[in-house]
Each structure stands twice: as C-alpha cells, then as structure tokens.
$ cat start24.cif   # mmCIF, C-alpha atoms
data_structure
#
loop_
_atom_site.label_atom_id
_atom_site.label_comp_id
_atom_site.auth_asym_id
_atom_site.auth_seq_id
_atom_site.Cartn_x
_atom_site.Cartn_y
_atom_site.Cartn_z
CA ASP Q 106 71.35 97.81 117.82
CA HIS Q 107 70.29 99.31 121.13
CA PRO Q 108 71.53 102.56 122.69
CA TRP Q 109 73.73 102.59 125.77
CA GLN Q 110 71.69 102.61 128.95
CA ALA Q 111 72.33 103.12 132.66
CA TYR Q 112 70.03 101.97 135.44
CA ASN Q 113 67.09 102.86 135.75
CA GLY Q 114 66.24 103.59 132.10
CA LYS Q 115 68.63 106.55 131.97
CA ASP Q 116 70.68 107.63 128.98
CA ASP Q 117 72.94 109.84 131.12
CA TRP Q 118 75.39 108.32 133.62
CA ASN Q 119 74.94 111.26 135.98
CA LEU Q 120 71.20 110.61 136.18
CA ALA Q 121 71.47 106.85 136.83
CA ASP Q 122 69.83 105.42 139.95
CA PHE Q 123 72.13 104.06 142.66
CA ILE Q 124 71.67 100.49 143.91
CA ASP Q 125 72.03 99.89 147.66
CA VAL Q 126 73.95 96.68 148.38
CA LEU Q 127 75.05 97.56 151.91
CA SER Q 128 72.20 95.57 153.43
CA GLY Q 129 72.59 92.56 151.15
CA ASP Q 130 72.13 91.35 147.63
CA ALA Q 131 70.02 93.41 145.26
CA SER Q 132 67.59 91.83 142.83
CA GLY Q 133 65.18 93.02 140.20
CA ILE Q 134 67.81 95.22 138.55
CA ASP Q 135 66.22 94.93 135.15
CA PHE Q 136 66.97 96.66 131.88
CA ILE Q 137 64.41 97.14 129.13
CA LEU Q 138 66.18 97.55 125.81
CA THR Q 139 64.47 99.96 123.47
CA PRO Q 140 66.02 100.81 120.12
CA GLY Q 141 66.94 104.41 119.52
CA GLU Q 142 65.73 106.17 116.42
CA ALA Q 143 68.77 108.26 115.52
CA VAL Q 144 71.07 107.29 112.63
CA ILE Q 145 74.53 108.39 111.54
CA SER Q 146 75.55 107.39 108.02
CA GLY Q 147 77.87 108.26 105.19
CA ASN Q 148 80.62 106.85 102.97
CA VAL Q 149 84.13 105.61 103.59
CA ILE Q 150 86.14 106.52 100.49
CA PHE Q 151 89.13 104.24 99.97
CA PRO Q 152 92.31 105.39 98.13
CA ALA Q 153 92.91 104.56 94.48
CA ASN Q 154 95.50 101.88 95.41
CA ALA Q 155 93.16 100.08 97.82
CA VAL Q 156 92.60 96.37 97.32
CA PRO Q 157 89.50 94.23 97.88
CA GLY Q 158 89.27 93.13 101.49
CA ASP Q 159 90.59 96.39 102.96
CA THR Q 160 88.46 97.26 105.97
CA ALA Q 161 87.71 100.23 108.18
CA ARG Q 162 85.86 100.46 111.50
CA VAL Q 163 83.60 103.49 111.98
CA LEU Q 164 82.98 104.37 115.63
CA VAL Q 165 80.45 106.87 117.02
CA ARG Q 166 80.44 108.14 120.60
CA SER Q 167 78.38 110.75 122.44
CA PRO Q 168 80.11 112.16 125.57
CA SER Q 169 76.84 113.58 126.93
CA THR Q 170 74.86 110.33 126.75
CA ARG Q 171 77.80 107.90 126.77
CA ALA Q 172 76.15 106.17 123.85
CA GLU Q 173 78.49 104.49 121.41
CA SER Q 174 78.34 102.05 118.54
CA GLU Q 175 80.39 100.93 115.58
CA VAL Q 176 80.28 99.23 112.21
CA ILE Q 177 82.93 97.67 109.96
CA VAL Q 178 82.98 98.32 106.21
CA GLU Q 179 84.91 96.34 103.62
CA LEU Q 180 86.00 97.33 100.14
CA GLN Q 181 84.58 94.88 97.62
CA THR Q 182 86.02 96.28 94.41
CA PRO Q 183 88.46 99.16 93.64
CA ASP Q 184 86.07 100.25 90.89
CA ASN Q 185 83.70 101.47 93.61
CA PRO Q 186 85.83 103.06 96.37
CA HIS Q 187 82.81 104.73 98.04
CA VAL Q 188 81.63 102.20 100.64
CA PRO Q 189 78.45 103.24 102.47
CA TYR Q 190 77.87 102.67 106.18
CA SER Q 191 74.96 103.25 108.54
CA ILE Q 192 74.92 103.12 112.34
CA THR Q 193 71.40 102.81 113.68
CA GLY Q 194 69.70 102.54 117.06
CA LEU Q 195 71.38 105.62 118.54
CA HIS Q 196 70.11 108.04 121.18
CA GLU Q 197 69.54 111.51 119.83
CA ALA Q 198 72.42 113.81 120.78
CA GLU Q 199 74.19 116.83 119.35
CA ASP Q 200 77.75 115.91 120.35
CA TYR Q 201 78.60 112.64 118.58
CA ILE Q 202 82.30 112.20 117.84
CA VAL Q 203 82.70 110.01 114.75
CA SER Q 204 86.02 108.34 113.95
CA VAL Q 205 87.39 105.88 111.43
CA TRP Q 206 89.97 103.15 112.11
CA PRO Q 207 91.16 101.50 108.87
CA ASP Q 208 93.46 98.51 108.79
CA ARG Q 209 95.93 100.02 106.26
CA TYR Q 210 95.25 103.76 106.20
CA LYS Q 211 95.34 106.74 108.53
CA ALA Q 212 92.92 106.66 111.44
CA GLY Q 213 91.25 109.77 112.78
CA TYR Q 214 88.17 111.83 113.41
CA TYR Q 215 85.42 113.38 111.29
CA ASP Q 216 85.90 116.85 109.89
CA GLU Q 217 83.24 118.66 107.84
CA THR Q 218 85.64 118.89 104.91
CA GLY Q 219 85.85 115.09 104.72
CA THR Q 220 89.51 115.12 105.73
CA VAL Q 221 90.41 112.72 108.53
CA VAL Q 222 91.95 114.72 111.40
CA SER Q 223 94.27 113.02 113.88
CA ASP Q 224 93.43 115.11 116.97
CA GLU Q 225 90.03 114.56 118.60
CA ASP Q 226 90.02 118.22 119.68
CA ASP Q 227 89.85 119.16 115.98
CA ALA Q 228 86.90 116.87 115.25
CA ASP Q 229 83.52 118.32 114.27
CA GLU Q 230 80.66 117.08 116.44
CA VAL Q 231 77.64 115.55 114.71
CA ASP Q 232 74.07 116.40 115.72
CA THR Q 233 71.72 113.50 114.97
CA ASP Q 234 68.88 116.01 114.34
CA SER Q 235 70.94 117.66 111.60
CA PRO Q 236 70.94 116.67 107.90
CA GLU Q 237 74.72 116.38 108.32
CA ALA Q 238 74.16 113.14 110.25
CA ASN Q 239 73.39 111.42 106.93
CA SER Q 240 76.54 112.64 105.19
CA VAL Q 241 79.41 111.89 107.56
CA HIS Q 242 82.04 110.93 105.00
CA PHE Q 243 85.67 109.87 105.42
CA ARG Q 244 88.27 110.11 102.65
CA LEU Q 245 91.05 107.71 103.62
CA GLU Q 246 94.73 108.50 103.08
CA ALA Q 247 97.74 106.20 102.95
CA GLY Q 248 99.93 107.65 105.71
CA ALA Q 249 103.36 106.34 106.66
CA THR Q 250 104.57 102.76 107.07
CA LEU Q 251 106.54 101.36 110.00
CA SER Q 252 108.01 97.87 109.98
CA GLY Q 253 110.47 95.94 112.05
CA ALA Q 254 110.98 93.09 114.46
CA ILE Q 255 110.94 92.30 118.15
CA VAL Q 256 113.83 90.11 119.26
CA GLY Q 257 114.88 88.61 122.56
CA LEU Q 258 111.41 87.40 123.46
CA GLY Q 259 110.59 83.71 123.15
CA ASP Q 260 106.81 83.79 123.12
CA MET Q 261 105.24 86.21 120.63
CA THR Q 262 101.67 85.11 121.39
CA ASN Q 263 99.25 88.05 121.77
CA LEU Q 264 102.12 90.54 121.47
CA TYR Q 265 100.88 93.89 120.18
CA VAL Q 266 103.00 96.78 118.84
CA GLU Q 267 101.77 100.36 118.43
CA ALA Q 268 103.03 103.67 117.08
CA TRP Q 269 101.93 106.70 119.10
CA ASP Q 270 101.88 110.07 117.35
CA SER Q 271 102.19 113.46 119.04
CA SER Q 272 98.42 113.85 119.43
CA GLY Q 273 98.15 110.54 121.31
CA LEU Q 274 96.56 108.69 118.39
CA SER Q 275 97.85 105.14 118.06
CA LYS Q 276 98.02 102.64 115.23
CA GLY Q 277 99.05 99.06 115.88
CA ILE Q 278 99.02 95.41 114.92
CA ILE Q 279 99.55 91.97 116.44
CA VAL Q 280 103.14 90.77 115.93
CA SER Q 281 103.63 87.68 113.76
CA GLU Q 282 105.02 84.45 115.19
CA ASP Q 283 108.55 85.29 114.02
CA GLY Q 284 108.43 88.70 115.73
CA THR Q 285 108.06 90.85 112.62
CA PHE Q 286 105.41 93.49 112.07
CA ILE Q 287 104.23 96.05 109.54
CA ILE Q 288 102.03 98.98 110.61
CA GLU Q 289 100.47 100.90 107.74
CA GLY Q 290 98.54 104.15 107.82
CA VAL Q 291 100.50 105.85 110.59
CA GLU Q 292 100.22 109.65 110.81
CA PRO Q 293 103.49 111.09 109.39
CA GLY Q 294 105.65 112.90 111.92
CA PRO Q 295 107.17 112.06 115.30
CA VAL Q 296 106.09 108.76 116.90
CA LYS Q 297 107.03 106.57 119.82
CA ILE Q 298 106.79 102.78 119.57
CA VAL Q 299 105.44 100.56 122.31
CA ALA Q 300 104.91 96.80 122.54
CA TRP Q 301 102.78 95.02 125.11
CA LYS Q 302 100.87 91.85 125.84
CA PRO Q 303 98.32 90.86 128.51
CA GLY Q 304 99.90 90.44 131.91
CA VAL Q 305 103.22 92.05 130.93
CA ALA Q 306 104.27 95.68 131.43
CA PRO Q 307 104.69 97.62 128.16
CA PHE Q 308 108.15 98.23 126.72
CA PHE Q 309 109.23 101.07 124.42
CA PHE Q 310 111.69 101.41 121.56
CA ASN Q 311 115.03 103.07 122.18
CA SER Q 312 118.02 102.51 119.90
CA GLN Q 313 120.21 102.11 123.00
CA GLY Q 314 118.02 99.36 124.43
CA THR Q 315 114.45 98.73 125.50
CA VAL Q 316 112.98 101.11 128.09
CA ARG Q 317 109.90 100.76 130.26
CA THR Q 318 108.47 104.28 130.25
CA SER Q 319 107.26 106.55 127.45
CA GLU Q 320 109.40 109.39 128.84
CA LEU Q 321 112.55 107.41 127.99
CA ALA Q 322 111.27 106.19 124.63
CA GLU Q 323 113.08 107.40 121.53
CA THR Q 324 111.11 109.48 119.06
CA ILE Q 325 111.46 108.65 115.38
CA ILE Q 326 110.19 110.71 112.45
CA LEU Q 327 107.97 108.96 109.91
CA GLN Q 328 107.54 110.26 106.37
CA GLU Q 329 104.83 109.27 103.94
CA GLY Q 330 106.29 107.23 101.08
CA THR Q 331 109.48 106.45 103.01
CA PRO Q 332 109.03 103.28 105.09
CA ALA Q 333 110.86 103.19 108.41
CA GLU Q 334 112.21 100.07 110.08
CA VAL Q 335 113.09 99.46 113.72
CA THR Q 336 114.22 96.57 115.89
CA ILE Q 337 113.10 96.37 119.52
CA ASP Q 338 115.71 94.48 121.46
CA GLY Q 339 116.59 93.52 125.02
CA TYR Q 340 113.09 92.74 126.30
CA GLU Q 341 114.15 89.75 128.36
#

$ encode --input "start24.cif" --output "structure tokens"
Amino acid sequence: DHPWQAYNGKDDWNLADFIDVLSGDASGIDFILTPGEAVISGNVIFPANAVPGDTARVLVRSPSTRAESEVIVELQTPDNPHVPYSITGLHEAEDYIVSVWPDRYKAGYYDETGTVVSDEDDADEVDTDSPEANSVHFRLEAGATLSGAIVGLGDMTNLYVEAWDSSGLSKGIIVSEDGTFIIEGVEPGPVKIVAWKPGVAPFFFNSQGTVRTSELAETIILQEGTPAEVTIDGYE
C-alpha cells in the first residue's frame, strides 16, 4: 500500500527528474517508498438476487498525481449486501475518480447519489480531505446479459470477448474452451462486440460475417431482462 511515485520522489509526472543515459548506464536510481496517509472507503451494495462469491473491484485514480490503487470485495452472505471496502496509502488529492467493476453487474463510476454512472465525464471527483472520502458508496444494478459463441477458431485459449457501449465502457469475459460466453452486467442500450487474444488482431461481430474494424461492426441493442445471443463466425 504505497502511493504511485515518479523519480526523484515526485508524486507528479510533470515534476519528475530526467535521467541522462546518453553518456552510458545510469545507476543509483533509487526509490524510497513511503506510505500515503489518505484513505477512500465506503460500501459496495449488492442487489437482492446476488449470491455468495459475487465480487467487485473498486479502483481509484487521481489524474493530477497519477496515483491509483484498487481493492476487491466479495459478498459473503445475501443477508448482508453492504460490503465495506477501504483503500489506504493514497496521496492526498482532490480529483480522485472512483469506479467499480463487478463480475456480474453494471460497471461504472462514482456519483454522489450512489448510482453507478457509465460515463467517466459524469463521475463526481473525490477529495481525500473531504468527509465524502469515507462514504464513497456504490449500489450495484443487474444490467443486461449477452451470451453466445465464437465458431471457426480452433484454439480458444486466452480468447477474450467484450461488449462496448456508446460511452466506451466495456464489459467482458474469457471465452470457455468450447467457445461459449456469457457477459452479465452490460449497460443496456447499443453495444458493439469485439473478441481478441494476445498476438492476434481484434475481430468484431457483424451478422454478415466477422469484420476487423469497429467502424464496420454491427450495433445491437441490449435490454435489461431480455438476454441477447450472438454468434461470431468466420474468424479463420
């Protein structure tokens, strides 16, 4: 739990010292890790139909200091849907963007009302010197479900599929060995679907055949409570 740091003991990238390597190797480039004193905490509130083992990752990031950290919370029992979290060791800053990334529910950014917003531009910044920093709560919502299969590809190892909504927020999952996938917690509305794996260019869903660019990808409309299913074909 140590804050982000740039050389030489700077918490701002623009103030970092340059290292001259034109004349040869540089040595003595040391970092002294000192824990920050700021804390951001709150509760992740799971839906009524949540099950034990559901998880959510809470991420904090300060654009001004480039400090960032995260923590994962797990629901232990549906009888207590309020799961507390605390992220310590942060640099003090007034512009922290706090987001939540659940495995089965809608991802998004902190809003003072407790509603998860999908567009980072709509997020409320958190000042670590403010009392609000100790009450950054997220109320999770179910969202839409997208399922389907990827066919025409022999090796499904490390294949990842994502749904991109209109704000650029993505939700994804690693494809199973048989090529099937289920993505839960997608923001309802128009989405494009992309699949990719390390070392291979991404490919996008189109009902007429796989395409390689997002401009040619087909947009589908997701509705909460109405699962959608797609098949991505023609990859190889």

$ resolve_selection --input "start24.cif" --expression "the PyMOL selection byres ((chain Q and resi 276) around 12)" --output "number ranges by chain"
Q: 205-213, 223, 248-251, 265-270, 272-275, 277-279, 287-293, 296-300

$ resolve_selection --input "start24.cif" --expression "the PyMOL selection byres ((chain Q and resi 309) around 9)" --output "PyMOL selection string"
chain Q and resi 297-301+307-308+310-311+314-319+321-323+337

$ atom_distance --input "start24.cif" --atom1 "CA of Val335 in chain Q" --atom2 "CA of Gly253 in chain Q"
4.7 Å

$ atom_distance --input "start24.cif" --atom1 "CA of Glu199 in chain Q" --atom2 "CA of Val222 in chain Q"
19.6 Å

$ closest_atom_pairs --input "start24.cif" --of "range 196-292 of chain Q" --to "range 145-152 of chain Q" --cutoff "9 Å" --atoms "only C-alpha atoms" --output "JSON lines"
{"residue": "Q:Val203", "atom": "CA", "partner": "Q:Ile145", "partner_atom": "CA", "distance": 8.9}
{"residue": "Q:Val205", "atom": "CA", "partner": "Q:Val149", "partner_atom": "CA", "distance": 8.5}
{"residue": "Q:Tyr210", "atom": "CA", "partner": "Q:Pro152", "partner_atom": "CA", "distance": 8.7}
{"residue": "Q:Val231", "atom": "CA", "partner": "Q:Ile145", "partner_atom": "CA", "distance": 8.4}
{"residue": "Q:Thr233", "atom": "CA", "partner": "Q:Ile145", "partner_atom": "CA", "distance": 6.8}
{"residue": "Q:Glu237", "atom": "CA", "partner": "Q:Ile145", "partner_atom": "CA", "distance": 8.6}
{"residue": "Q:Ala238", "atom": "CA", "partner": "Q:Ile145", "partner_atom": "CA", "distance": 4.9}
{"residue": "Q:Asn239", "atom": "CA", "partner": "Q:Ser146", "partner_atom": "CA", "distance": 4.7}
{"residue": "Q:Ser240", "atom": "CA", "partner": "Q:Gly147", "partner_atom": "CA", "distance": 4.6}
{"residue": "Q:Val241", "atom": "CA", "partner": "Q:Gly147", "partner_atom": "CA", "distance": 4.6}
{"residue": "Q:His242", "atom": "CA", "partner": "Q:Asn148", "partner_atom": "CA", "distance": 4.8}
{"residue": "Q:Phe243", "atom": "CA", "partner": "Q:Val149", "partner_atom": "CA", "distance": 4.9}
{"residue": "Q:Arg244", "atom": "CA", "partner": "Q:Ile150", "partner_atom": "CA", "distance": 4.7}
{"residue": "Q:Leu245", "atom": "CA", "partner": "Q:Phe151", "partner_atom": "CA", "distance": 5.4}
{"residue": "Q:Glu246", "atom": "CA", "partner": "Q:Pro152", "partner_atom": "CA", "distance": 6.3}
{"residue": "Q:Ala247", "atom": "CA", "partner": "Q:Pro152", "partner_atom": "CA", "distance": 7.3}

$ write_last_selection --input "start24.cif" --atoms "C-alpha atoms" --output "PDB file, keeping the file's coordinate frame"
ATOM      1  CA  VAL Q 203      82.700 110.010 114.750  1.00  0.00           C
ATOM      2  CA  VAL Q 205      87.390 105.880 111.430  1.00  0.00           C
ATOM      3  CA  TYR Q 210      95.250 103.760 106.200  1.00  0.00           C
ATOM      4  CA  VAL Q 231      77.640 115.550 114.710  1.00  0.00           C
ATOM      5  CA  THR Q 233      71.720 113.500 114.970  1.00  0.00           C
ATOM      6  CA  GLU Q 237      74.720 116.380 108.320  1.00  0.00           C
ATOM      7  CA  ALA Q 238      74.160 113.140 110.250  1.00  0.00           C
ATOM      8  CA  ASN Q 239      73.390 111.420 106.930  1.00  0.00           C
ATOM      9  CA  SER Q 240      76.540 112.640 105.190  1.00  0.00           C
ATOM     10  CA  VAL Q 241      79.410 111.890 107.560  1.00  0.00           C
ATOM     11  CA  HIS Q 242      82.040 110.930 105.000  1.00  0.00           C
ATOM     12  CA  PHE Q 243      85.670 109.870 105.420  1.00  0.00           C
ATOM     13  CA  ARG Q 244      88.270 110.110 102.650  1.00  0.00           C
ATOM     14  CA  LEU Q 245      91.050 107.710 103.620  1.00  0.00           C
ATOM     15  CA  GLU Q 246      94.730 108.500 103.080  1.00  0.00           C
ATOM     16  CA  ALA Q 247      97.740 106.200 102.950  1.00  0.00           C
TER      17      ALA Q 247
END

$ resolve_selection --input "start24.cif" --expression "the PyMOL selection byres ((chain Q and resi 198) around 9)" --output "list in words"
Ala143, Ser167, Ser169, Thr170, Leu195, His196, Glu197, Glu199, Asp200, Tyr201, Val231, Asp232, Thr233 and Asp234 of chain Q

$ atom_distance --input "start24.cif" --atom1 "CA of Asn154 in chain Q" --atom2 "CA of Leu180 in chain Q"
11.5 Å

$ axis_aligned_box --input "start24.cif" --around "range 298-302 of chain Q" --padding-each-side "3 Å" --output "lines of an AutoDock Vina configuration file"
center_x = 103.8
center_y = 97.3
center_z = 122.7
size_x = 11.9
size_y = 16.9
size_z = 12.3

$ residues_around --input "start24.cif" --residues "range 113-124 of chain Q" --least-positions-apart "6" --cutoff "9 Å" --atoms "all atoms listed in the file" --output "MDAnalysis selection string"
chainID Q and resid 131 134:138 169:172 196

$ residues_near_point --input "start24.cif" --point "(88.4, 95.4, 98.2)" --cutoff "7 Å" --atoms "only C-alpha atoms" --output "PyMOL selection string"
chain Q and resi 155-159+179-183

$ closest_residue --input "start24.cif" --among "Q:Tyr190, Q:Ser271, Q:Pro332, Q:Glu173" --to "Ser252 in chain Q" --atoms "all atoms listed in the file"
Q:Pro332

$ closest_residue --input "start24.cif" --among "Q:Met261, Q:Gly129, Q:Ala254, Q:Lys302" --to "Ala333 in chain Q" --atoms "all atoms listed in the file"
Q:Ala254

$ closest_residue --input "start24.cif" --among "Q:Val280, Q:Ile325, Q:Val176, Q:Ile255" --to "Asp338 in chain Q" --atoms "all atoms listed in the file"
Q:Ile255
